[in-house]
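S.K.: Before anything else, here's the structure in question.
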Amino acid sequence: MIAIHYKTTQIVETQRGFTLIELMIVIAIIGVLAAIAYPNYQRYVIKSKRTDMMSELHNIASQIESLKLAQGSYRDISTKVKTDFAKLYPVQGQALYEVTINPIPLSPPNNELTSKWIITATPKTDTQMAGDGNLSFNYQGIKCRDAACGSGDQWNQ
């Protein structure tokens with residue numbers, strides 16, 4: 001009996017590229033990560049812009065007190081303070097807040113600055129800061145963000 005053995009040749013194909021299912025899984029994972037990351041990023045951007053405005057309010061308060069020391073009274077600097085500092089902020093780029101500086105209590109008609117002043121930053125309605133609430137800072141160093149006031153971390157909440 002004669003046995004014939006045939007050698008079979010196996011052709012091994014190497015796979016190149018990805019299947020459609022693999023691509024869909026990767027796209028789904030990226031979508032889920034983006035859905036989580038984007039809102040967190042937006043909150044971070046808003047908080048950083050609020051922090052910039054808080055810093056600007058502190059700067060304005062320091063400049064008010066410096067001017068008062070140089071001129072001798074709040075009445076003498078009232079007009080200069082209101083024209084120099086009561087404007088839109090930030091000065092460069094898109095304006096996000098409108099700043100007002102008033103005496104406490106408001107005293108119409110002249111509304112001159114007194115030793116009891118308050119600086120208020122109101123978010124502009126057509127910006128991303130619109131729903132973030134008003135910021136204020138007064139002569140005693142009390143900070144407010146809407147109704148939450150104090151000398152601590154009220155602005156960051």
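Note on naming: chains are A, B, ... as they come in the structure tokens, residues start from 1 per chain, ligands start from 1 in the order shown.
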Contacts of A:Asn134 at 10 Å or less, counting only C-alpha atoms, minus same-chain residues fewer than 4 places along, as a ChimeraX atom specification?
M.R.: /A:50,97-99,120-124,129-130,144-147,155
S.K.: Would you please extract all strand (DSSP E or B) residues from chain A, as assigned by DSSP on the backbone, and give them as a ChimeraX atom specification?
M.R.: /A:88-89,97-103,117-123,135-138,143-145,148-150
S.K.: Under the rule that only C-alpha atoms are counted, which of A:Val81, A:Val45, A:Leu33, A:Ile142 is the nearest residue to A:Leu67?
M.R.: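 Answer, going by the shortest atom-to-atom distance: A:Val81.
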S.K.: List the spatial neighbours of A:Thr127 as a ChimeraX atom specification - criterion: any atom at most 10 Å away, only C-alpha atoms, same-chain residues fewer than 5 positions off excluded.
M.R.: /A:94-97
S.K.: Selected residues, N, CA, C and O atoms, written as a PDB file, in the first residue's frame, please.
M.R.:
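File selection-v1.pdb, as written:
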ATOM      1  N   GLN A  94     -13.762  90.430  25.341  1.00  0.00           N
ATOM      2  CA  GLN A  94     -15.209  90.585  25.493  1.00  0.00           C
ATOM      3  C   GLN A  94     -15.541  91.059  26.908  1.00  0.00           C
ATOM      4  O   GLN A  94     -15.101  90.464  27.896  1.00  0.00           O
ATOM      5  N   ALA A  95     -16.316  92.123  27.002  1.00  0.00           N
ATOM      6  CA  ALA A  95     -16.732  92.644  28.302  1.00  0.00           C
ATOM      7  C   ALA A  95     -17.757  91.694  28.913  1.00  0.00           C
ATOM      8  O   ALA A  95     -18.735  91.321  28.278  1.00  0.00           O
ATOM      9  N   LEU A  96     -17.505  91.278  30.158  1.00  0.00           N
ATOM     10  CA  LEU A  96     -18.377  90.325  30.834  1.00  0.00           C
ATOM     11  C   LEU A  96     -19.160  90.940  31.989  1.00  0.00           C
ATOM     12  O   LEU A  96     -20.230  90.445  32.347  1.00  0.00           O
ATOM     13  N   TYR A  97     -18.612  91.986  32.585  1.00  0.00           N
ATOM     14  CA  TYR A  97     -19.235  92.610  33.747  1.00  0.00           C
ATOM     15  C   TYR A  97     -19.322  94.118  33.570  1.00  0.00           C
ATOM     16  O   TYR A  97     -18.451  94.722  32.958  1.00  0.00           O
TER      17      TYR A  97
END
